[in-house]
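Here is the structure we will look at, set down as structure tokens.
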Amino acid sequence: MPHTAGDPTYDQPLGIAMEGYPTAYPVRFLRLVNQGETVDMAYLDIAPSGPSPTGRTVLLLHGKNFDGGAWTTTARALAAAGHRVVVPDQIGFGRSSKPALDYTFALLAGNTAALLDHLGIADVDVVGHSMGGMLGVRFALLHPTRVRRLVLANPVGLEDYRELVPAHTTERLFTDELANTGLTGIRAFYRSYVVTWRRAYERNVELRYRITLSGEYPRWALASAHTYQMAYHQPVVQDLPALRLPVLLIIGQEDRAAVGKSYATPENRAKLGNFPVLGRQAAAAIPGSRLVELPGVGHLPHLEAKKRFEREVLSFLGTSRS
């Protein structure tokens with residue numbers, strides 16, 4: 001998609017931990033050790049702002065090409081409804097450390113459990129978007145007593161990408177990420193996620209592009225290559241029947257996102273990311289789950305259909321577990 005006169009441009013680098021970038025809520029850090037490396041996990045801990053606190057906590061899990069700040073409007077709505085809201089940036093993302101690790105969803109789930117322990121939170125309702133939905137599934141399976149309800153918003157991993165996308169070495173992925181520094185291409189990538197582009201979505205473009213201007217961009221790019229391998233090699237589609245808790249699937253029907261789609265042949269690319277089909281298959285696989293299909297909505301239902309998304313989530317969280 002070509003650059004237009006009305007599109008913003010950026011010339012100021014941004015550190016790979018988003019140092020100094022504005023945040024709607026105070027950012028805190030939890031120090032952890034992952035695979036022998038000391039890392040800092042950024043998170044938001046938002047107190048309920050409504051008149052009737054529920055005494056419950058909602059954990060919001062971001063996607064691969066996003067950070068916890070992408071949840072700001074949802075977090076605000078949940079807090080206004082009386083929930084405590086915890087929003088981590090997973091290690092390798094957002095304001096957190098960017099180590100070159102052997103990333104796994106089990107590792108991220110363990111970090112998330114450590115964060116809840118640090119905050120003294122016994123159990124949570126989980127809302128995961130995109131790759132955060134994959135993490136939400138694994139977290140619920142690895143820590144079943146800690147998750148009351150699970151919301152999956154256009155989660156990737158509902159198909160096994162290895163069937164249609166060729167595998168690549170981390171070195172190849174790193175090289176490709178290093179070269180992915182054009183503002184026009186980055187903006188086109190994020191625009192492909194939505195049906196109608198709005199200036200509010202530009203935050204994702206700004207962050208991604210300004211980080212490419214950082215002197216530490218190669219370290220960011222290497223972490224991104226490693227987390228790609230995690231999402232590519234660890235689909236959750238086979239795990240869905242094992243879920244034993246209330247699950248709500250919210251699926252934008254125009255979404256065609258898929259991990260590694262650009263590496264697939266044109267024929268296979270057309271088969272990937274068919275969310276209307278994937279959503280129904282996932283709902284059929286998850287015992288007792290509920291499916292909400294959003295017409296005219298792409299990969300960002302919490303932003304593209306904000307009011308409907310918040311209404312569905314709050315209604316679901318208000319239901320009993322039995």
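By order of appearance in the structure tokens: chains A, B, ..., then residues from 1 within every chain, and ligands from 1 in the order shown.
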All residues 12 Å or closer to Arg308 (chain A), only C-alpha atoms, same chain fewer than 2 positions away omitted, as a PDB file with C-alpha atoms, in the first residue's frame:
```pdb
ATOM      1  CA  THR A  74     -10.187  -2.957  26.933  1.00  0.00           C
ATOM      2  CA  ALA A  77     -13.483  -0.890  30.309  1.00  0.00           C
ATOM      3  CA  ILE A 250     -14.656 -13.944  19.493  1.00  0.00           C
ATOM      4  CA  ILE A 251     -13.821 -14.156  15.806  1.00  0.00           C
ATOM      5  CA  GLY A 252     -13.668 -11.295  13.314  1.00  0.00           C
ATOM      6  CA  VAL A 292     -19.309 -15.003  18.710  1.00  0.00           C
ATOM      7  CA  GLU A 293     -18.790 -14.193  15.037  1.00  0.00           C
ATOM      8  CA  LEU A 294     -18.272 -10.536  14.151  1.00  0.00           C
ATOM      9  CA  PRO A 295     -19.062  -9.693  10.513  1.00  0.00           C
ATOM     10  CA  VAL A 297     -14.269  -7.252  11.502  1.00  0.00           C
ATOM     11  CA  PRO A 301     -11.954  -7.236  17.314  1.00  0.00           C
ATOM     12  CA  HIS A 302     -11.142  -5.431  20.581  1.00  0.00           C
ATOM     13  CA  LEU A 303     -10.416  -2.294  18.544  1.00  0.00           C
ATOM     14  CA  GLU A 304     -12.496  -2.665  15.381  1.00  0.00           C
ATOM     15  CA  ALA A 305     -15.681  -3.604  17.252  1.00  0.00           C
ATOM     16  CA  LYS A 306     -14.749  -2.136  20.624  1.00  0.00           C
ATOM     17  CA  GLU A 310     -16.371  -5.304  25.593  1.00  0.00           C
ATOM     18  CA  ARG A 311     -20.038  -6.140  25.967  1.00  0.00           C
ATOM     19  CA  GLU A 312     -19.464  -9.782  25.028  1.00  0.00           C
ATOM     20  CA  VAL A 313     -16.452 -10.150  27.320  1.00  0.00           C
ATOM     21  CA  LEU A 314     -18.126  -8.514  30.313  1.00  0.00           C
ATOM     22  CA  SER A 315     -21.249 -10.619  29.829  1.00  0.00           C
TER      23      SER A 315
END
```
Quiz item: Quick one: residues within 10 Å of region 59-66 of chain A, only C-alpha atoms counted, chain neighbours fewer than 2 positions away excluded, as an MDAnalysis selection string?
Solution: chainID A and resid 44:45 57 68:72 74:75 84:90 92:94 112 116 123:136 147 150:156 190 203:205 207:208 224 227:228 231 259
Quiz item: In terms of the shortest atom-to-atom distance over only C-alpha atoms, which of A:Glu254, A:Phe174, A:Ala80, A:His233 is closest to Pro48 (chain A)?
Solution: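 For Pro48 (chain A), the nearest of the given residues is A:Ala80.
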Practice problem: Determine, counting only C-alpha atoms, which protein, DNA and RNA residues have an atom within 10 Å of an atom of Ala282 (chain A); residues of the same chain fewer than 6 positions away are not included. Present the result as a list in words. | Solution: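 My list of contacting residues is Leu158, Glu159, Val237, Gln238, Leu240, Pro241, Leu249, Phe275, Ser289, Arg290 and Leu291 of chain A.
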Practice problem: Mind listing the helix (DSSP H, G or I) residues of region 127-268 of chain A, per DSSP on the backbone, as a ChimeraX atom specification? | Solution: /A:131-142,144-146,161-163,170-179,183-191,199-212,217-233,237-242,261-263,266-268
Just the selected residues (C-alpha atoms), exported as a PDB file, in the first residue's frame, please.
```
ATOM      1  CA  MET A 131      -0.572 -15.173  19.766  1.00  0.00           C
ATOM      2  CA  GLY A 132      -1.847 -14.247  23.232  1.00  0.00           C
ATOM      3  CA  GLY A 133      -4.691 -16.667  22.574  1.00  0.00           C
ATOM      4  CA  MET A 134      -2.137 -19.436  22.023  1.00  0.00           C
ATOM      5  CA  LEU A 135      -0.499 -18.517  25.304  1.00  0.00           C
ATOM      6  CA  GLY A 136      -3.902 -18.384  26.998  1.00  0.00           C
ATOM      7  CA  VAL A 137      -4.672 -21.951  25.924  1.00  0.00           C
ATOM      8  CA  ARG A 138      -1.315 -23.238  27.149  1.00  0.00           C
ATOM      9  CA  PHE A 139      -1.563 -21.267  30.385  1.00  0.00           C
ATOM     10  CA  ALA A 140      -5.020 -22.711  31.082  1.00  0.00           C
ATOM     11  CA  LEU A 141      -3.754 -26.255  30.465  1.00  0.00           C
ATOM     12  CA  LEU A 142      -0.530 -25.876  32.445  1.00  0.00           C
ATOM     13  CA  PRO A 144      -5.772 -25.168  35.325  1.00  0.00           C
ATOM     14  CA  THR A 145      -6.553 -24.104  38.894  1.00  0.00           C
ATOM     15  CA  ARG A 146      -5.526 -20.529  38.125  1.00  0.00           C
ATOM     16  CA  TYR A 161       1.191 -23.811   9.999  1.00  0.00           C
ATOM     17  CA  ARG A 162       3.831 -26.452   9.402  1.00  0.00           C
ATOM     18  CA  GLU A 163       1.451 -28.164   6.983  1.00  0.00           C
ATOM     19  CA  THR A 170      16.271 -18.760  12.903  1.00  0.00           C
ATOM     20  CA  GLU A 171      19.180 -17.197  10.993  1.00  0.00           C
ATOM     21  CA  ARG A 172      16.990 -16.800   7.898  1.00  0.00           C
ATOM     22  CA  LEU A 173      14.158 -15.310   9.941  1.00  0.00           C
ATOM     23  CA  PHE A 174      16.598 -12.947  11.661  1.00  0.00           C
ATOM     24  CA  THR A 175      17.973 -11.773   8.319  1.00  0.00           C
ATOM     25  CA  ASP A 176      14.473 -11.161   6.968  1.00  0.00           C
ATOM     26  CA  GLU A 177      13.485  -9.241  10.112  1.00  0.00           C
ATOM     27  CA  LEU A 178      16.594  -7.074   9.866  1.00  0.00           C
ATOM     28  CA  ALA A 179      15.550  -6.104   6.356  1.00  0.00           C
ATOM     29  CA  LEU A 183       7.650   2.396   6.854  1.00  0.00           C
ATOM     30  CA  THR A 184       5.394   1.751   3.863  1.00  0.00           C
ATOM     31  CA  GLY A 185       5.675  -2.017   4.249  1.00  0.00           C
ATOM     32  CA  ILE A 186       5.163  -1.924   8.011  1.00  0.00           C
ATOM     33  CA  ARG A 187       2.064   0.217   7.643  1.00  0.00           C
ATOM     34  CA  ALA A 188       0.685  -2.068   4.914  1.00  0.00           C
ATOM     35  CA  PHE A 189       1.233  -5.065   7.208  1.00  0.00           C
ATOM     36  CA  TYR A 190      -0.818  -3.571  10.034  1.00  0.00           C
ATOM     37  CA  ARG A 191      -3.467  -2.322   7.630  1.00  0.00           C
ATOM     38  CA  ARG A 199      -5.741   6.639  12.939  1.00  0.00           C
ATOM     39  CA  ALA A 200      -6.045   5.008  16.382  1.00  0.00           C
ATOM     40  CA  TYR A 201      -4.325   1.921  14.930  1.00  0.00           C
ATOM     41  CA  GLU A 202      -1.286   3.958  13.889  1.00  0.00           C
ATOM     42  CA  ARG A 203       0.317   3.407  17.308  1.00  0.00           C
ATOM     43  CA  ASN A 204       1.339  -0.094  16.214  1.00  0.00           C
ATOM     44  CA  VAL A 205       2.993   1.276  13.073  1.00  0.00           C
ATOM     45  CA  GLU A 206       4.838   3.992  14.983  1.00  0.00           C
ATOM     46  CA  LEU A 207       6.239   1.579  17.554  1.00  0.00           C
ATOM     47  CA  ARG A 208       7.328  -1.005  15.021  1.00  0.00           C
ATOM     48  CA  TYR A 209       8.976   1.489  12.694  1.00  0.00           C
ATOM     49  CA  ARG A 210      10.700   3.658  15.294  1.00  0.00           C
ATOM     50  CA  ILE A 211      12.247   0.549  16.867  1.00  0.00           C
ATOM     51  CA  THR A 212      13.901  -0.188  13.510  1.00  0.00           C
ATOM     52  CA  TYR A 217      17.273  -3.140  16.550  1.00  0.00           C
ATOM     53  CA  PRO A 218      19.292  -6.290  15.713  1.00  0.00           C
ATOM     54  CA  ARG A 219      18.677  -7.582  19.241  1.00  0.00           C
ATOM     55  CA  TRP A 220      14.936  -6.914  18.842  1.00  0.00           C
ATOM     56  CA  ALA A 221      14.964  -8.639  15.448  1.00  0.00           C
ATOM     57  CA  LEU A 222      16.667 -11.739  16.840  1.00  0.00           C
ATOM     58  CA  ALA A 223      14.126 -12.028  19.655  1.00  0.00           C
ATOM     59  CA  SER A 224      11.364 -11.655  17.065  1.00  0.00           C
ATOM     60  CA  ALA A 225      12.855 -14.484  15.001  1.00  0.00           C
ATOM     61  CA  HIS A 226      12.910 -16.732  18.061  1.00  0.00           C
ATOM     62  CA  THR A 227       9.289 -15.947  18.977  1.00  0.00           C
ATOM     63  CA  TYR A 228       8.245 -16.640  15.386  1.00  0.00           C
ATOM     64  CA  GLN A 229       9.694 -20.124  15.780  1.00  0.00           C
ATOM     65  CA  MET A 230       7.632 -20.562  18.944  1.00  0.00           C
ATOM     66  CA  ALA A 231       4.368 -19.632  17.229  1.00  0.00           C
ATOM     67  CA  TYR A 232       5.200 -21.667  14.113  1.00  0.00           C
ATOM     68  CA  HIS A 233       6.322 -24.866  15.839  1.00  0.00           C
ATOM     69  CA  VAL A 237      -5.168 -26.605  17.643  1.00  0.00           C
ATOM     70  CA  GLN A 238      -4.446 -30.085  19.004  1.00  0.00           C
ATOM     71  CA  ASP A 239      -4.815 -28.834  22.596  1.00  0.00           C
ATOM     72  CA  LEU A 240      -8.314 -27.387  22.265  1.00  0.00           C
ATOM     73  CA  PRO A 241     -10.278 -30.562  23.177  1.00  0.00           C
ATOM     74  CA  ALA A 242      -8.369 -30.751  26.481  1.00  0.00           C
ATOM     75  CA  LYS A 261       1.875 -16.575   5.551  1.00  0.00           C
ATOM     76  CA  SER A 262       4.364 -14.593   3.463  1.00  0.00           C
ATOM     77  CA  TYR A 263       6.582 -17.694   3.227  1.00  0.00           C
ATOM     78  CA  PRO A 266       0.399 -18.438  -3.414  1.00  0.00           C
ATOM     79  CA  GLU A 267      -1.759 -21.578  -3.497  1.00  0.00           C
ATOM     80  CA  ASN A 268      -1.173 -22.379   0.172  1.00  0.00           C
TER      81      ASN A 268
END
```
Quiz item: Suppose you want the space between CA of Thr73 (chain A) and CA of Tyr21 (chain A); what is it in Å?
Solution: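 Distance between the two atoms: 17.2 Å.
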Self-check item: Those of region 92-276 of chain A in DSSP strand (DSSP E or B), formatted as a list in words
Solution: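 The strand (DSSP E or B) residues within region 92-276 of chain A come out as Val124, Asp125, Val126, Val127, Gly128, His129, Val147, Arg148, Arg149, Leu150, Val151, Leu152, Ala153, Val247, Leu248, Leu249, Ile250, Ile251 and Gly252 of chain A.
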Requested write-out: N, CA, C and O atoms of the selected residues, as a short mmCIF file (atom, residue, chain, number, x, y, z; two decimals), in the first residue's frame:
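Written file, selection_24.cif:
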```cif
data_model
loop_
_atom_site.label_atom_id
_atom_site.label_comp_id
_atom_site.auth_asym_id
_atom_site.auth_seq_id
_atom_site.Cartn_x
_atom_site.Cartn_y
_atom_site.Cartn_z
N VAL A 124 -7.41 -16.10 37.81
CA VAL A 124 -7.73 -14.99 36.92
C VAL A 124 -8.71 -15.46 35.85
O VAL A 124 -8.86 -16.65 35.58
N ASP A 125 -9.36 -14.48 35.23
CA ASP A 125 -10.01 -14.67 33.95
C ASP A 125 -9.00 -14.22 32.90
O ASP A 125 -8.36 -13.18 33.07
N VAL A 126 -8.86 -14.97 31.83
CA VAL A 126 -7.83 -14.68 30.83
C VAL A 126 -8.48 -14.27 29.52
O VAL A 126 -9.42 -14.91 29.05
N VAL A 127 -7.95 -13.18 28.93
CA VAL A 127 -8.35 -12.75 27.60
C VAL A 127 -7.10 -12.68 26.76
O VAL A 127 -6.17 -11.93 27.07
N GLY A 128 -7.04 -13.49 25.70
CA GLY A 128 -5.86 -13.53 24.85
C GLY A 128 -6.19 -13.20 23.42
O GLY A 128 -7.18 -13.70 22.86
N HIS A 129 -5.37 -12.35 22.81
CA HIS A 129 -5.56 -11.96 21.41
C HIS A 129 -4.42 -12.50 20.55
O HIS A 129 -3.25 -12.44 20.95
N VAL A 147 -7.08 -20.50 36.24
CA VAL A 147 -7.87 -19.84 35.20
C VAL A 147 -9.34 -20.19 35.38
O VAL A 147 -9.73 -21.36 35.32
N ARG A 148 -10.15 -19.17 35.57
CA ARG A 148 -11.59 -19.36 35.75
C ARG A 148 -12.32 -19.43 34.40
O ARG A 148 -13.13 -20.30 34.16
N ARG A 149 -12.02 -18.48 33.55
CA ARG A 149 -12.65 -18.40 32.23
C ARG A 149 -11.58 -17.95 31.22
O ARG A 149 -10.64 -17.26 31.59
N LEU A 150 -11.81 -18.28 29.96
CA LEU A 150 -10.84 -17.97 28.92
C LEU A 150 -11.56 -17.37 27.72
O LEU A 150 -12.51 -17.95 27.20
N VAL A 151 -11.09 -16.20 27.31
CA VAL A 151 -11.60 -15.54 26.10
C VAL A 151 -10.50 -15.57 25.05
O VAL A 151 -9.37 -15.14 25.32
N LEU A 152 -10.81 -16.07 23.86
CA LEU A 152 -9.85 -16.12 22.76
C LEU A 152 -10.34 -15.21 21.65
O LEU A 152 -11.38 -15.47 21.03
N ALA A 153 -9.61 -14.13 21.41
CA ALA A 153 -9.97 -13.14 20.40
C ALA A 153 -9.09 -13.34 19.17
O ALA A 153 -7.89 -13.05 19.21
N VAL A 247 -15.09 -21.24 27.83
CA VAL A 247 -14.29 -20.58 26.80
C VAL A 247 -15.21 -19.81 25.86
O VAL A 247 -16.22 -20.34 25.39
N LEU A 248 -14.83 -18.56 25.61
CA LEU A 248 -15.54 -17.71 24.65
C LEU A 248 -14.59 -17.41 23.49
O LEU A 248 -13.48 -16.92 23.70
N LEU A 249 -15.03 -17.73 22.29
CA LEU A 249 -14.28 -17.39 21.08
C LEU A 249 -14.94 -16.18 20.42
O LEU A 249 -16.15 -16.20 20.15
N ILE A 250 -14.16 -15.12 20.21
CA ILE A 250 -14.66 -13.94 19.49
C ILE A 250 -13.85 -13.84 18.21
O ILE A 250 -12.63 -13.63 18.25
N ILE A 251 -14.52 -14.00 17.07
CA ILE A 251 -13.82 -14.16 15.81
C ILE A 251 -14.29 -13.12 14.78
O ILE A 251 -15.45 -13.15 14.33
N GLY A 252 -13.41 -12.19 14.43
CA GLY A 252 -13.67 -11.30 13.31
C GLY A 252 -13.67 -12.09 12.02
O GLY A 252 -12.72 -12.80 11.71
#
```
Quiz item: If we count only C-alpha atoms, what is near Val194 (chain A) at a cut-off of 7 Å, once residues fewer than 5 positions away on the same chain are taken out, given as JSON, numbers by chain?
Solution: {"A": [297, 298, 299, 300]}
Would you write out those residues with C-alpha atoms, as a PDB file, in the first residue's frame?
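Okay, again12.pdb is ready:
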```pdb
ATOM      1  CA  VAL A 297     -14.269  -7.252  11.502  1.00  0.00           C
ATOM      2  CA  GLY A 298     -10.674  -8.343  10.954  1.00  0.00           C
ATOM      3  CA  HIS A 299      -7.872  -9.398  13.296  1.00  0.00           C
ATOM      4  CA  LEU A 300      -8.429  -6.704  15.958  1.00  0.00           C
TER       5      LEU A 300
END
```
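Taking CA of Gly110 (chain A) as the reference point, CA of Val39 (chain A) is found at 13.6 Å.
For the choices A:Asp40, A:Asp67, A:Thr54, A:Ser49, the atom-to-atom distance to Met18 (chain A) is smallest for A:Asp67 when using only C-alpha atoms.
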Extract, using only C-alpha atoms, all DNA, RNA and protein residues at most 9 Å from Arg28 (chain A), discarding same-chain residues fewer than 2 positions from it, and format them as a PDB file with N, CA and C atoms, in the first residue's frame.
```pdb
ATOM      1  N   PRO A  26       0.892   3.275  35.009  1.00  0.00           N
ATOM      2  CA  PRO A  26       2.287   3.082  35.428  1.00  0.00           C
ATOM      3  C   PRO A  26       2.795   1.685  35.078  1.00  0.00           C
ATOM      4  N   LEU A  30       9.043  -7.033  36.899  1.00  0.00           N
ATOM      5  CA  LEU A  30       9.356  -8.191  37.729  1.00  0.00           C
ATOM      6  C   LEU A  30      10.623  -8.815  37.177  1.00  0.00           C
ATOM      7  N   MET A  41      10.446  -8.375  33.320  1.00  0.00           N
ATOM      8  CA  MET A  41       9.131  -8.491  32.692  1.00  0.00           C
ATOM      9  C   MET A  41       8.296  -7.276  33.065  1.00  0.00           C
ATOM     10  N   ALA A  42       7.891  -6.491  32.080  1.00  0.00           N
ATOM     11  CA  ALA A  42       7.073  -5.309  32.311  1.00  0.00           C
ATOM     12  C   ALA A  42       5.610  -5.723  32.458  1.00  0.00           C
ATOM     13  N   TYR A  43       4.891  -4.968  33.270  1.00  0.00           N
ATOM     14  CA  TYR A  43       3.462  -5.263  33.424  1.00  0.00           C
ATOM     15  C   TYR A  43       2.720  -4.043  33.938  1.00  0.00           C
ATOM     16  N   LEU A  44       1.428  -4.024  33.699  1.00  0.00           N
ATOM     17  CA  LEU A  44       0.514  -3.047  34.278  1.00  0.00           C
ATOM     18  C   LEU A  44      -0.355  -3.774  35.293  1.00  0.00           C
ATOM     19  N   ASP A  45      -0.583  -3.143  36.426  1.00  0.00           N
ATOM     20  CA  ASP A  45      -1.499  -3.673  37.441  1.00  0.00           C
ATOM     21  C   ASP A  45      -2.503  -2.572  37.728  1.00  0.00           C
TER      22      ASP A  45
END
```
